[in-house]
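A.B. asks: Sharing entry.cif, mmCIF, C-alpha atoms:
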data_run
#
loop_
_atom_site.label_atom_id
_atom_site.label_comp_id
_atom_site.auth_asym_id
_atom_site.auth_seq_id
_atom_site.Cartn_x
_atom_site.Cartn_y
_atom_site.Cartn_z
CA GLU A 1 57.50 155.56 -11.70
CA THR A 2 54.30 154.80 -13.62
CA GLY A 3 55.80 153.90 -16.98
CA VAL A 4 53.62 156.50 -18.68
CA THR A 5 55.56 159.27 -20.41
CA GLN A 6 54.01 162.41 -21.86
CA SER A 7 55.41 165.09 -24.13
CA PRO A 8 55.79 167.98 -24.32
CA THR A 9 55.63 168.94 -20.66
CA HIS A 10 54.73 172.56 -21.37
CA LEU A 11 53.62 174.40 -24.46
CA ILE A 12 52.01 177.66 -25.47
CA LYS A 13 49.68 177.95 -28.46
CA THR A 14 47.65 180.72 -30.01
CA ARG A 15 43.87 180.63 -30.20
CA GLY A 16 42.75 178.90 -33.39
CA GLN A 17 45.88 176.79 -33.73
CA GLN A 18 46.09 173.02 -33.50
CA VAL A 19 48.06 170.98 -30.97
CA THR A 20 49.21 167.36 -30.68
CA LEU A 21 50.10 165.86 -27.32
CA ARG A 22 51.85 162.52 -27.06
CA CYS A 23 51.85 159.65 -24.59
CA SER A 24 53.93 156.51 -24.34
CA SER A 25 52.62 153.64 -22.22
CA GLN A 26 53.98 150.40 -20.83
CA SER A 27 54.07 147.33 -23.05
CA GLY A 28 50.79 145.45 -22.77
CA HIS A 29 48.77 148.47 -21.69
CA ASN A 30 46.26 148.33 -24.49
CA THR A 31 43.84 150.83 -22.96
CA VAL A 32 44.68 154.52 -22.88
CA SER A 33 42.57 157.40 -21.66
CA TRP A 34 43.03 161.15 -21.83
CA TYR A 35 41.86 163.63 -19.21
CA GLN A 36 41.70 167.40 -19.09
CA GLN A 37 42.39 169.10 -15.75
CA ALA A 38 41.60 172.78 -15.68
CA LEU A 39 43.21 174.91 -12.99
CA GLY A 40 41.63 174.19 -9.61
CA GLN A 41 39.48 171.37 -10.93
CA GLY A 42 39.50 167.59 -10.96
CA PRO A 43 40.45 165.73 -14.15
CA GLN A 44 37.67 165.32 -16.70
CA PHE A 45 37.50 162.27 -18.96
CA ILE A 46 37.98 163.15 -22.64
CA PHE A 47 38.06 159.73 -24.32
CA GLN A 48 39.46 156.25 -24.15
CA TYR A 49 41.10 154.02 -26.72
CA TYR A 50 41.27 150.23 -26.62
CA ARG A 51 43.28 148.35 -29.20
CA GLU A 52 43.46 151.45 -31.42
CA GLU A 53 39.69 152.07 -31.45
CA GLU A 54 37.83 154.79 -29.55
CA ASN A 55 36.05 153.05 -26.71
CA GLY A 56 34.24 155.79 -24.85
CA ARG A 57 34.03 159.55 -24.87
CA GLY A 58 33.26 162.22 -22.33
CA ASN A 59 31.50 165.51 -22.91
CA PHE A 60 34.07 167.03 -25.27
CA PRO A 61 33.48 168.36 -28.82
CA PRO A 62 34.75 166.58 -31.95
CA ARG A 63 37.69 168.97 -32.28
CA PHE A 64 39.23 166.80 -29.55
CA SER A 65 40.43 163.65 -31.29
CA GLY A 66 42.90 160.90 -30.66
CA LEU A 67 44.94 158.07 -32.01
CA GLN A 68 46.41 154.95 -30.47
CA PHE A 69 49.26 153.07 -32.12
CA PRO A 70 50.33 149.41 -31.97
CA ASN A 71 53.48 150.33 -30.03
CA TYR A 72 51.36 151.48 -27.02
CA SER A 73 51.82 155.16 -27.81
CA SER A 74 48.94 157.55 -28.34
CA GLU A 75 48.12 161.12 -29.32
CA LEU A 76 45.60 163.71 -28.33
CA ASN A 77 44.84 166.28 -31.03
CA VAL A 78 42.93 169.47 -30.41
CA ASN A 79 41.89 171.66 -33.34
CA ALA A 80 40.77 175.29 -33.34
CA LEU A 81 42.16 175.94 -29.89
CA GLU A 82 40.13 178.11 -27.54
CA LEU A 83 41.29 179.96 -24.44
CA ASP A 84 39.32 177.53 -22.26
CA ASP A 85 41.42 174.66 -23.58
CA SER A 86 44.24 175.88 -21.34
CA ALA A 87 44.74 173.01 -18.89
CA LEU A 88 46.86 170.09 -17.80
CA TYR A 89 46.27 167.12 -20.09
CA LEU A 90 46.81 163.74 -18.49
CA CYS A 91 47.31 160.41 -20.19
CA ALA A 92 46.42 157.23 -18.32
CA SER A 93 47.05 153.66 -19.37
CA THR A 94 46.17 150.21 -18.09
CA ARG A 95 45.65 146.60 -18.95
CA PRO A 96 42.01 145.51 -18.55
CA GLY A 97 41.10 145.06 -14.90
CA ASN A 98 44.34 146.52 -13.63
CA THR A 99 45.46 149.73 -11.99
CA ILE A 100 45.26 152.91 -14.03
CA TYR A 101 48.60 154.70 -14.25
CA PHE A 102 48.88 158.39 -15.03
CA GLY A 103 51.64 160.32 -16.71
CA GLU A 104 52.99 163.64 -15.42
CA GLY A 105 50.86 165.56 -17.88
CA SER A 106 51.28 168.22 -20.54
CA TRP A 107 50.55 171.81 -19.57
CA LEU A 108 48.86 173.64 -22.43
CA THR A 109 48.44 177.41 -22.38
CA VAL A 110 46.33 179.01 -25.10
CA VAL A 111 46.83 182.75 -25.57
CA ALA B 1 26.13 157.23 -14.06
CA GLN B 2 28.86 157.82 -11.55
CA SER B 3 29.84 160.91 -9.62
CA VAL B 4 31.90 161.88 -6.61
CA THR B 5 31.49 164.68 -4.08
CA GLN B 6 34.43 165.77 -1.98
CA LEU B 7 33.37 167.76 1.04
CA GLY B 8 35.76 170.58 1.80
CA SER B 9 37.93 172.06 -0.91
CA HIS B 10 40.55 172.98 1.69
CA VAL B 11 41.53 171.12 4.86
CA SER B 12 44.21 172.26 7.30
CA VAL B 13 45.66 170.04 10.02
CA SER B 14 48.55 170.35 12.41
CA GLU B 15 51.57 168.12 11.95
CA GLY B 16 50.91 164.90 13.86
CA ALA B 17 47.13 165.33 13.84
CA LEU B 18 44.57 163.06 12.24
CA VAL B 19 43.88 163.60 8.55
CA LEU B 20 40.29 163.03 7.37
CA LEU B 21 39.31 163.81 3.79
CA ARG B 22 35.71 163.12 2.88
CA CYS B 23 34.35 161.52 -0.27
CA ASN B 24 30.81 160.47 -1.11
CA TYR B 25 29.98 158.67 -4.31
CA SER B 26 26.98 158.02 -6.47
CA SER B 27 26.87 154.98 -8.70
CA SER B 28 24.13 152.95 -10.33
CA VAL B 29 26.31 149.84 -10.19
CA PRO B 30 28.78 148.50 -7.62
CA PRO B 31 31.70 150.86 -7.91
CA TYR B 32 35.43 150.81 -7.87
CA LEU B 33 36.74 153.70 -5.76
CA PHE B 34 40.11 155.40 -5.75
CA TRP B 35 42.10 158.08 -4.00
CA TYR B 36 44.83 159.88 -5.91
CA VAL B 37 47.32 162.48 -4.70
CA GLN B 38 48.73 165.29 -6.81
CA TYR B 39 51.76 167.27 -5.74
CA PRO B 40 52.30 170.74 -7.25
CA ASN B 41 53.01 170.67 -10.97
CA GLN B 42 52.89 166.88 -11.10
CA GLY B 43 50.57 164.16 -12.36
CA LEU B 44 48.37 161.86 -10.30
CA GLN B 45 49.71 159.15 -8.01
CA LEU B 46 47.46 156.33 -6.82
CA LEU B 47 47.16 156.20 -3.02
CA LEU B 48 44.73 153.31 -2.74
CA LYS B 49 41.79 151.63 -4.42
CA TYR B 50 38.68 149.65 -3.45
CA THR B 51 37.68 146.88 -5.83
CA SER B 52 35.19 144.86 -3.74
CA ALA B 53 37.59 142.95 -1.53
CA ALA B 54 38.11 144.17 2.05
CA THR B 55 36.14 147.30 2.87
CA LEU B 56 39.10 148.81 4.75
CA VAL B 57 41.77 149.54 2.21
CA LYS B 58 45.34 150.38 3.13
CA GLY B 59 47.42 152.46 0.78
CA ILE B 60 50.80 154.05 0.50
CA ASN B 61 52.29 156.62 2.89
CA GLY B 62 50.17 155.43 5.82
CA PHE B 63 46.81 156.34 4.29
CA GLU B 64 43.73 154.15 4.46
CA ALA B 65 40.09 154.42 3.44
CA GLU B 66 36.94 152.58 4.39
CA PHE B 67 34.17 151.73 1.92
CA LYS B 68 30.77 152.19 3.57
CA LYS B 69 28.00 151.17 1.21
CA SER B 70 25.22 152.28 3.57
CA GLU B 71 26.67 155.79 3.66
CA THR B 72 27.96 155.77 0.05
CA SER B 73 31.24 157.04 1.45
CA PHE B 74 34.92 156.37 0.96
CA HIS B 75 36.69 158.72 3.35
CA LEU B 76 40.49 158.90 3.43
CA THR B 77 42.32 158.94 6.75
CA LYS B 78 45.83 159.02 8.14
CA PRO B 79 46.49 158.87 11.89
CA SER B 80 49.32 161.38 11.96
CA ALA B 81 49.91 164.08 9.35
CA HIS B 82 53.37 164.78 8.03
CA MET B 83 54.55 167.92 6.30
CA SER B 84 55.13 165.91 3.13
CA ASP B 85 51.39 165.07 2.99
CA ALA B 86 50.59 168.60 1.85
CA ALA B 87 49.08 168.16 -1.61
CA GLU B 88 45.82 167.95 -3.55
CA TYR B 89 43.79 164.80 -3.04
CA PHE B 90 41.23 163.47 -5.50
CA CYS B 91 38.59 160.83 -4.96
CA ALA B 92 37.42 158.97 -8.07
CA VAL B 93 34.87 156.32 -9.04
CA SER B 94 34.56 153.98 -11.99
CA ASP B 95 32.32 151.18 -13.19
CA ARG B 96 33.69 147.74 -12.51
CA GLY B 97 35.41 146.72 -15.69
CA ALA B 98 35.57 150.25 -17.03
CA ASN B 99 38.81 152.09 -17.24
CA ASN B 100 37.59 155.67 -17.18
CA LEU B 101 37.43 157.52 -13.90
CA PHE B 102 35.07 160.19 -12.65
CA PHE B 103 36.90 162.54 -10.30
CA GLY B 104 35.80 164.86 -7.56
CA THR B 105 36.89 168.47 -7.50
CA GLY B 106 39.71 167.75 -5.07
CA THR B 107 40.68 168.68 -1.51
CA ARG B 108 43.81 170.68 -0.85
CA LEU B 109 45.48 169.50 2.33
CA THR B 110 47.67 171.94 4.23
CA VAL B 111 49.82 170.70 7.11
CA ILE B 112 50.72 173.29 9.72
CA PRO B 113 54.04 172.86 11.54
#
Go through the file and emit its structure as structure tokens.

C.D. replies:
Amino acid sequence: ETGVTQSPTHLIKTRGQQVTLRCSSQSGHNTVSWYQQALGQGPQFIFQYYREEENGRGNFPPRFSGLQFPNYSSELNVNALELDDSALYLCASTRPGNTIYFGEGSWLTVV
Amino acid sequence: AQSVTQLGSHVSVSEGALVLLRCNYSSSVPPYLFWYVQYPNQGLQLLLKYTSAATLVKGINGFEAEFKKSETSFHLTKPSAHMSDAAEYFCAVSDRGANNLFFGTGTRLTVIP
């Protein structure tokens, strides 16, 4: 049990649509990161939020955006979905200097 | 910049045999190193991590890894494989103080009865 909860667990969207994925972290975990894991690949860092501000970004276009809220929850938003966005999206949270905990992930299929 | 190379995308061992999964890292600063396991249709579970204390790190489920700076390696081992060890294993590296991880492409471990 990591204390990181993601929703929804599975969803299917149509190309061009928008999607919002949600993550709930443990109290005190003020750093949250999102990763994309394509089938057969390792997770790729999308971005990180610290105290509700973006604090680092990987090689992903601006249509990937996020929010972090004071209650330790966060969102990943993806606009103008493309077929290649089909992947497992993982949320990870931590307190500074501590272990990074991952959620179970949200499986997104774009058709 | 950090990166990780996992040698061997698939490894098969017999039940009871030694498990050795290889990981080499590249980092411009002293790294933190991690091994995660992923079971089918699940998220990532931390097996062990190296954060500059002892170079031999013991983790859960009988796994351990040794940090070798001279070889830039962090190989994962387990003396005796169990059927329940069958999963995907990911090595990852981060900057000290950073909270984002750079993952390898993973090694799928199959355990043969």

A.B. asks: Expand the PyMOL selection byres ((chain B) within 6 of (chain A)) into the explicit residue set it covers here, and present it as a PyMOL selection string.

C.D. replies: chain B and resi 42-44+97+103-106

A.B. asks: Just the number, please: distance in Å from CA of Pro8 in chain A to CA of Ala87 in chain B, one decimal.

C.D. replies: 23.7 Å

A.B. asks: Evaluate the PyMOL selection byres ((chain A and resi 64-70) around 10) here and jot the selected residues down as a PyMOL selection string.

C.D. replies: chain A and resi 19-24+27+30-34+46-54+57+60-63+71-81

A.B. asks: First collect every listed atom of range 75-84 of chain A; then fit an axis-aligned box around them, widen it by 6 Å on each side, and give centre and edge lengths in Å to one decimal, as JSON.

C.D. replies:
{"center_x": 43.7, "center_y": 170.5, "center_z": -27.8, "size_x": 20.8, "size_y": 30.8, "size_z": 23.1}

A.B. asks: Just the residues within 12 Å of Phe102 in chain B, please, counting all atoms listed in the file, with nothing from its chain fewer than 6 positions along; format it as a JSON list (two decimals) with C-alpha atoms, in the frame of the given file.

C.D. replies:
[["chain", "number", "residue", "atom", "x", "y", "z"],
["A", 35, "TYR", "CA", 41.86, 163.63, -19.21],
["A", 36, "GLN", "CA", 41.70, 167.40, -19.09],
["A", 37, "GLN", "CA", 42.39, 169.10, -15.75],
["A", 42, "GLY", "CA", 39.50, 167.59, -10.96],
["A", 43, "PRO", "CA", 40.45, 165.73, -14.15],
["A", 44, "GLN", "CA", 37.67, 165.32, -16.70],
["A", 45, "PHE", "CA", 37.50, 162.27, -18.96],
["A", 46, "ILE", "CA", 37.98, 163.15, -22.64],
["A", 58, "GLY", "CA", 33.26, 162.22, -22.33],
["B", 1, "ALA", "CA", 26.13, 157.23, -14.06],
["B", 2, "GLN", "CA", 28.86, 157.82, -11.55],
["B", 3, "SER", "CA", 29.84, 160.91, -9.62],
["B", 4, "VAL", "CA", 31.90, 161.88, -6.61],
["B", 5, "THR", "CA", 31.49, 164.68, -4.08],
["B", 25, "TYR", "CA", 29.98, 158.67, -4.31],
["B", 26, "SER", "CA", 26.98, 158.02, -6.47],
["B", 27, "SER", "CA", 26.87, 154.98, -8.70],
["B", 31, "PRO", "CA", 31.70, 150.86, -7.91],
["B", 32, "TYR", "CA", 35.43, 150.81, -7.87],
["B", 33, "LEU", "CA", 36.74, 153.70, -5.76],
["B", 34, "PHE", "CA", 40.11, 155.40, -5.75],
["B", 35, "TRP", "CA", 42.10, 158.08, -4.00],
["B", 36, "TYR", "CA", 44.83, 159.88, -5.91],
["B", 90, "PHE", "CA", 41.23, 163.47, -5.50],
["B", 91, "CYS", "CA", 38.59, 160.83, -4.96],
["B", 92, "ALA", "CA", 37.42, 158.97, -8.07],
["B", 93, "VAL", "CA", 34.87, 156.32, -9.04],
["B", 94, "SER", "CA", 34.56, 153.98, -11.99],
["B", 95, "ASP", "CA", 32.32, 151.18, -13.19]]

A.B. asks: Determine the residue set returned by the PyMOL selection byres ((chain B and resi 81) around 12) for the present structure, and present it as a PDB file with C-alpha atoms, in the frame of the given file.

C.D. replies:
ATOM      1  CA  VAL B  11      41.530 171.120   4.860  1.00  0.00           C
ATOM      2  CA  SER B  12      44.210 172.260   7.300  1.00  0.00           C
ATOM      3  CA  VAL B  13      45.660 170.040  10.020  1.00  0.00           C
ATOM      4  CA  SER B  14      48.550 170.350  12.410  1.00  0.00           C
ATOM      5  CA  GLU B  15      51.570 168.120  11.950  1.00  0.00           C
ATOM      6  CA  GLY B  16      50.910 164.900  13.860  1.00  0.00           C
ATOM      7  CA  ALA B  17      47.130 165.330  13.840  1.00  0.00           C
ATOM      8  CA  LEU B  18      44.570 163.060  12.240  1.00  0.00           C
ATOM      9  CA  VAL B  19      43.880 163.600   8.550  1.00  0.00           C
ATOM     10  CA  LEU B  20      40.290 163.030   7.370  1.00  0.00           C
ATOM     11  CA  LEU B  21      39.310 163.810   3.790  1.00  0.00           C
ATOM     12  CA  ASN B  61      52.290 156.620   2.890  1.00  0.00           C
ATOM     13  CA  GLY B  62      50.170 155.430   5.820  1.00  0.00           C
ATOM     14  CA  PHE B  63      46.810 156.340   4.290  1.00  0.00           C
ATOM     15  CA  THR B  77      42.320 158.940   6.750  1.00  0.00           C
ATOM     16  CA  LYS B  78      45.830 159.020   8.140  1.00  0.00           C
ATOM     17  CA  PRO B  79      46.490 158.870  11.890  1.00  0.00           C
ATOM     18  CA  SER B  80      49.320 161.380  11.960  1.00  0.00           C
ATOM     19  CA  HIS B  82      53.370 164.780   8.030  1.00  0.00           C
ATOM     20  CA  MET B  83      54.550 167.920   6.300  1.00  0.00           C
ATOM     21  CA  SER B  84      55.130 165.910   3.130  1.00  0.00           C
ATOM     22  CA  ASP B  85      51.390 165.070   2.990  1.00  0.00           C
ATOM     23  CA  ALA B  86      50.590 168.600   1.850  1.00  0.00           C
ATOM     24  CA  ALA B  87      49.080 168.160  -1.610  1.00  0.00           C
ATOM     25  CA  LEU B 109      45.480 169.500   2.330  1.00  0.00           C
ATOM     26  CA  THR B 110      47.670 171.940   4.230  1.00  0.00           C
ATOM     27  CA  VAL B 111      49.820 170.700   7.110  1.00  0.00           C
ATOM     28  CA  ILE B 112      50.720 173.290   9.720  1.00  0.00           C
ATOM     29  CA  PRO B 113      54.040 172.860  11.540  1.00  0.00           C
TER      30      PRO B 113
END

A.B. asks: To one decimal in Å, tell me the separation between CA of Leu7 in chain B and CA of Glu88 in chain B.

C.D. replies: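 About the pair CA of Leu7 in chain B and CA of Glu88 in chain B: they are 13.3 Å apart.
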
A.B. asks: Given the choices B:Asn24, B:Ser9, B:Gln38, B:Val29, which gets closest to Leu76 in chain B if the distance is worked out from only C-alpha atoms?

C.D. replies: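 Ranking B:Asn24, B:Ser9, B:Gln38, B:Val29 by distance to Leu76 in chain B, first place goes to B:Asn24.
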
A.B. asks: Grab the CA of Gln18 in chain A to CA of Asn41 in chain B distance for me, in Å with one decimal place.

C.D. replies: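 Separating CA of Gln18 in chain A from CA of Asn41 in chain B is a distance of 23.7 Å.
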
A.B. asks: Since the input is missing atoms for range 61-72 of chain B, could you rebuild it with all heavy atoms and give the result as a PDB file, in the frame of the given file?

C.D. replies:
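part_0.pdb, freshly written:
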ATOM      1  N   ASN B  61      52.029 155.462   2.030  1.00  0.00           N
ATOM      2  CA  ASN B  61      52.290 156.620   2.890  1.00  0.00           C
ATOM      3  C   ASN B  61      51.418 156.657   4.135  1.00  0.00           C
ATOM      4  O   ASN B  61      51.174 157.730   4.684  1.00  0.00           O
ATOM      5  CB  ASN B  61      52.127 157.937   2.113  1.00  0.00           C
ATOM      6  CG  ASN B  61      53.054 158.019   0.914  1.00  0.00           C
ATOM      7  OD1 ASN B  61      54.072 157.341   0.858  1.00  0.00           O
ATOM      8  ND2 ASN B  61      52.691 158.827  -0.052  1.00  0.00           N
ATOM      9  N   GLY B  62      50.943 155.490   4.598  1.00  0.00           N
ATOM     10  CA  GLY B  62      50.170 155.430   5.820  1.00  0.00           C
ATOM     11  C   GLY B  62      48.701 155.783   5.698  1.00  0.00           C
ATOM     12  O   GLY B  62      47.988 155.861   6.703  1.00  0.00           O
ATOM     13  N   PHE B  63      48.213 156.009   4.492  1.00  0.00           N
ATOM     14  CA  PHE B  63      46.810 156.340   4.290  1.00  0.00           C
ATOM     15  C   PHE B  63      45.948 155.077   4.215  1.00  0.00           C
ATOM     16  O   PHE B  63      46.410 154.025   3.806  1.00  0.00           O
ATOM     17  CB  PHE B  63      46.624 157.141   2.990  1.00  0.00           C
ATOM     18  CG  PHE B  63      47.066 158.566   3.092  1.00  0.00           C
ATOM     19  CD1 PHE B  63      48.348 158.940   2.713  1.00  0.00           C
ATOM     20  CD2 PHE B  63      46.194 159.536   3.566  1.00  0.00           C
ATOM     21  CE1 PHE B  63      48.757 160.265   2.818  1.00  0.00           C
ATOM     22  CE2 PHE B  63      46.590 160.862   3.669  1.00  0.00           C
ATOM     23  CZ  PHE B  63      47.870 161.216   3.295  1.00  0.00           C
ATOM     24  N   GLU B  64      44.703 155.214   4.616  1.00  0.00           N
ATOM     25  CA  GLU B  64      43.730 154.150   4.460  1.00  0.00           C
ATOM     26  C   GLU B  64      42.354 154.763   4.234  1.00  0.00           C
ATOM     27  O   GLU B  64      42.129 155.943   4.504  1.00  0.00           O
ATOM     28  CB  GLU B  64      43.711 153.203   5.654  1.00  0.00           C
ATOM     29  CG  GLU B  64      43.305 153.808   6.972  1.00  0.00           C
ATOM     30  CD  GLU B  64      43.361 152.801   8.098  1.00  0.00           C
ATOM     31  OE1 GLU B  64      44.257 151.926   8.097  1.00  0.00           O
ATOM     32  OE2 GLU B  64      42.497 152.886   8.987  1.00  0.00           O
ATOM     33  N   ALA B  65      41.445 153.961   3.694  1.00  0.00           N
ATOM     34  CA  ALA B  65      40.090 154.420   3.440  1.00  0.00           C
ATOM     35  C   ALA B  65      39.137 153.259   3.686  1.00  0.00           C
ATOM     36  O   ALA B  65      39.490 152.098   3.475  1.00  0.00           O
ATOM     37  CB  ALA B  65      39.948 154.939   2.014  1.00  0.00           C
ATOM     38  N   GLU B  66      37.936 153.600   4.111  1.00  0.00           N
ATOM     39  CA  GLU B  66      36.940 152.580   4.390  1.00  0.00           C
ATOM     40  C   GLU B  66      35.727 152.771   3.484  1.00  0.00           C
ATOM     41  O   GLU B  66      35.139 153.854   3.434  1.00  0.00           O
ATOM     42  CB  GLU B  66      36.495 152.610   5.843  1.00  0.00           C
ATOM     43  CG  GLU B  66      35.551 151.461   6.210  1.00  0.00           C
ATOM     44  CD  GLU B  66      35.261 151.374   7.692  1.00  0.00           C
ATOM     45  OE1 GLU B  66      35.655 152.291   8.448  1.00  0.00           O
ATOM     46  OE2 GLU B  66      34.622 150.385   8.102  1.00  0.00           O
ATOM     47  N   PHE B  67      35.363 151.716   2.774  1.00  0.00           N
ATOM     48  CA  PHE B  67      34.170 151.730   1.920  1.00  0.00           C
ATOM     49  C   PHE B  67      32.951 151.428   2.790  1.00  0.00           C
ATOM     50  O   PHE B  67      32.892 150.384   3.436  1.00  0.00           O
ATOM     51  CB  PHE B  67      34.303 150.675   0.820  1.00  0.00           C
ATOM     52  CG  PHE B  67      33.051 150.477   0.007  1.00  0.00           C
ATOM     53  CD1 PHE B  67      32.622 151.468  -0.858  1.00  0.00           C
ATOM     54  CD2 PHE B  67      32.316 149.303   0.095  1.00  0.00           C
ATOM     55  CE1 PHE B  67      31.478 151.286  -1.622  1.00  0.00           C
ATOM     56  CE2 PHE B  67      31.170 149.113  -0.657  1.00  0.00           C
ATOM     57  CZ  PHE B  67      30.753 150.110  -1.524  1.00  0.00           C
ATOM     58  N   LYS B  68      32.009 152.377   2.818  1.00  0.00           N
ATOM     59  CA  LYS B  68      30.770 152.190   3.570  1.00  0.00           C
ATOM     60  C   LYS B  68      29.606 152.324   2.599  1.00  0.00           C
ATOM     61  O   LYS B  68      29.194 153.440   2.237  1.00  0.00           O
ATOM     62  CB  LYS B  68      30.653 153.208   4.700  1.00  0.00           C
ATOM     63  CG  LYS B  68      31.677 153.012   5.806  1.00  0.00           C
ATOM     64  CD  LYS B  68      31.411 153.940   6.975  1.00  0.00           C
ATOM     65  CE  LYS B  68      32.376 153.679   8.129  1.00  0.00           C
ATOM     66  NZ  LYS B  68      32.134 154.562   9.284  1.00  0.00           N
ATOM     67  N   LYS B  69      29.071 151.177   2.208  1.00  0.00           N
ATOM     68  CA  LYS B  69      28.000 151.170   1.210  1.00  0.00           C
ATOM     69  C   LYS B  69      26.753 151.884   1.736  1.00  0.00           C
ATOM     70  O   LYS B  69      26.103 152.630   1.000  1.00  0.00           O
ATOM     71  CB  LYS B  69      27.654 149.728   0.837  1.00  0.00           C
ATOM     72  CG  LYS B  69      26.605 149.594  -0.246  1.00  0.00           C
ATOM     73  CD  LYS B  69      26.364 148.136  -0.580  1.00  0.00           C
ATOM     74  CE  LYS B  69      25.289 148.000  -1.653  1.00  0.00           C
ATOM     75  NZ  LYS B  69      25.045 146.569  -1.986  1.00  0.00           N
ATOM     76  N   SER B  70      26.435 151.687   3.015  1.00  0.00           N
ATOM     77  CA  SER B  70      25.220 152.280   3.570  1.00  0.00           C
ATOM     78  C   SER B  70      25.288 153.802   3.573  1.00  0.00           C
ATOM     79  O   SER B  70      24.262 154.473   3.517  1.00  0.00           O
ATOM     80  CB  SER B  70      24.992 151.769   4.995  1.00  0.00           C
ATOM     81  OG  SER B  70      26.071 152.126   5.833  1.00  0.00           O
ATOM     82  N   GLU B  71      26.489 154.342   3.649  1.00  0.00           N
ATOM     83  CA  GLU B  71      26.670 155.790   3.660  1.00  0.00           C
ATOM     84  C   GLU B  71      27.172 156.313   2.313  1.00  0.00           C
ATOM     85  O   GLU B  71      27.381 157.522   2.173  1.00  0.00           O
ATOM     86  CB  GLU B  71      27.665 156.182   4.764  1.00  0.00           C
ATOM     87  CG  GLU B  71      27.213 155.795   6.165  1.00  0.00           C
ATOM     88  CD  GLU B  71      28.244 156.111   7.226  1.00  0.00           C
ATOM     89  OE1 GLU B  71      29.252 156.788   6.918  1.00  0.00           O
ATOM     90  OE2 GLU B  71      28.054 155.665   8.380  1.00  0.00           O
ATOM     91  N   THR B  72      27.356 155.447   1.367  1.00  0.00           N
ATOM     92  CA  THR B  72      27.960 155.770   0.050  1.00  0.00           C
ATOM     93  C   THR B  72      29.183 156.661   0.238  1.00  0.00           C
ATOM     94  O   THR B  72      29.334 157.695  -0.405  1.00  0.00           O
ATOM     95  CB  THR B  72      26.947 156.421  -0.916  1.00  0.00           C
ATOM     96  OG1 THR B  72      26.470 157.653  -0.360  1.00  0.00           O
ATOM     97  CG2 THR B  72      25.784 155.492  -1.196  1.00  0.00           C
TER      98      THR B  72
END
